[in-house]
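Some notes on the structure that comes next.
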Amino acid sequence: MDSLFETDGISIDRDLLERTNPVFNTARMTLQLLTSTGHKDAGELSGKLGYNYDNTVGWFADDKSEEERAGAKEGLISAAMCVETRYKTMTELAVASGYPTVIDLPCGYTPHAIEYARRKLHFLGLDLPVVISEAEPAILSLVGDKDLVDFASVDATNYDSLKKALSDVEGPVCITTEGLLMYFTDSELGQICTNIREILKSHGGCWITADPEGSYQTIQTLQAVCGERFQEVLKASTGKVQNKEDTLMTRNSIVIDPFIPPEQGIGSAMDFISRFGLKVERMIILDHMPEVASISGLNAEQVGRLKEILGKFAYWKITPDDNRAGQTNGSIQVETGTEIFDASFEGSTLVLKLKNRIDTLNSPLLLAFYEKISKEHIIDRISVDCSELEYISSAGLRVLMIMYKGSRNGLTLYNTNSAVSEILDETGFSEIFTVSRNG
């Protein structure tokens, strides 16, 4: 059978990018929450992007009771406090690192670039292609020294894409991550740890992240602000955020469950990171936090409770551990542009052979092909040969789910290796698709 795979006539538009990587509600809401605290750069950037409270976080006012809406609003006030605290403290920690280049992964829609350029630091913003396409021109229009600011599209699990993005970077770097790690499974986190370690071994520098203890900070900030109404507000705001959430957060070994003892979760997360040749220094938030405008609206009792919390939890500074070689997850890195699938028909069954990596950067091509071919053929079933597939990301799984829903008789994966099987199990997709594994 001749392969149906042909890129001619297939275009990747913004709609495809958004459907394979729907990150926009969360990232845009983060910018607007920072804007709501009176942050000048955030306000100007929101204006450039055309964002406002109604089209980013105003969704909670549309339904439910007045009491529930009040709870959701109170939750968002606490969320804005967390966003401002994290944003300003992470900025100060990155500057204090003393390294000339700050790499923000993911950069989202926040105005970090404006602040770092103002402080004469080189900024490299890394994110999904569709985020970069929207954020880059708006941010550059507000940056004084544009020579200090660069952007690149990457997949955090793909070392080749990261290496390419850093090809012009010289000297040590400070990598920052805020709101990234909770969206990955353990196998993906292992690859990210390996990738960051390789960057730091090559360039020098450090990785600063707010993510491991971030859930603790969020939940307990809400408790400090709301006091006895904590459970009521938590229920209202959590339900609202989950209804609007656009990417699935997952439990993993780095992002600590806020409902277990902190010492247990912190120790376990540090052990996980150490497996990949990295070591952790906890930096207590209160010790490094600059003035935060949103706290001025609290009373003395609330401020006292909040300071107690911020004096307990930390952001993490991570560096290579020369005493540990670090394991890898054995995944193969593949150059962007490498062939990722073949396709043919056996009767009304679409037969796909996936190859190499299906990730954030190339999954839109797979979706574009499927949507083109499904208009030309009746597809009763989809059979996916994974014998040459080394890795698949959440974006790739999302495309397979679209195919699954569009096929009359479902989708079967066969010849999955141990790495792909682990991802399917961790994400729950092995319970949705029919899966036949190697061995």
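Labels used: A, B, ... for chains in the order of the structure tokens, numbers from 1 for residues in each chain, and numbers from 1 for ligands as shown.
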
*May I have all residues of region 137-377 of chain A that DSSP, computed from the backbone, assigns to alpha helix (DSSP H), given as a VMD selection string?*
chain A and resid 137 to 140 159 to 165 186 to 203 214 to 226 230 to 244 262 to 274 285 to 288 300 to 310 363 to 376

*Identify, on the basis of only C-alpha atoms, every residue whose closest approach to region 289-299 of chain A does not exceed 8 Å; exclude the query and any residue fewer than 5 positions from it along the same chain; express the result as a count of residues only.*
10

*Please run DSSP on the backbone and report, as a PyMOL selection string, all residues within region 245-357 of chain A that come out as strand (DSSP E or B).*
chain A and resi 278-284+314-320+341-346+349-357

*CA of Gln32 (chain A) and CA of Ile132 (chain A), how far apart in Å?*
17.7 Å

*For the atom pair CA of Val143 (chain A) and CA of Ile114 (chain A), what is the interatomic distance in Å to one decimal place?*
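Here the two named atoms are 5.2 Å from each other.
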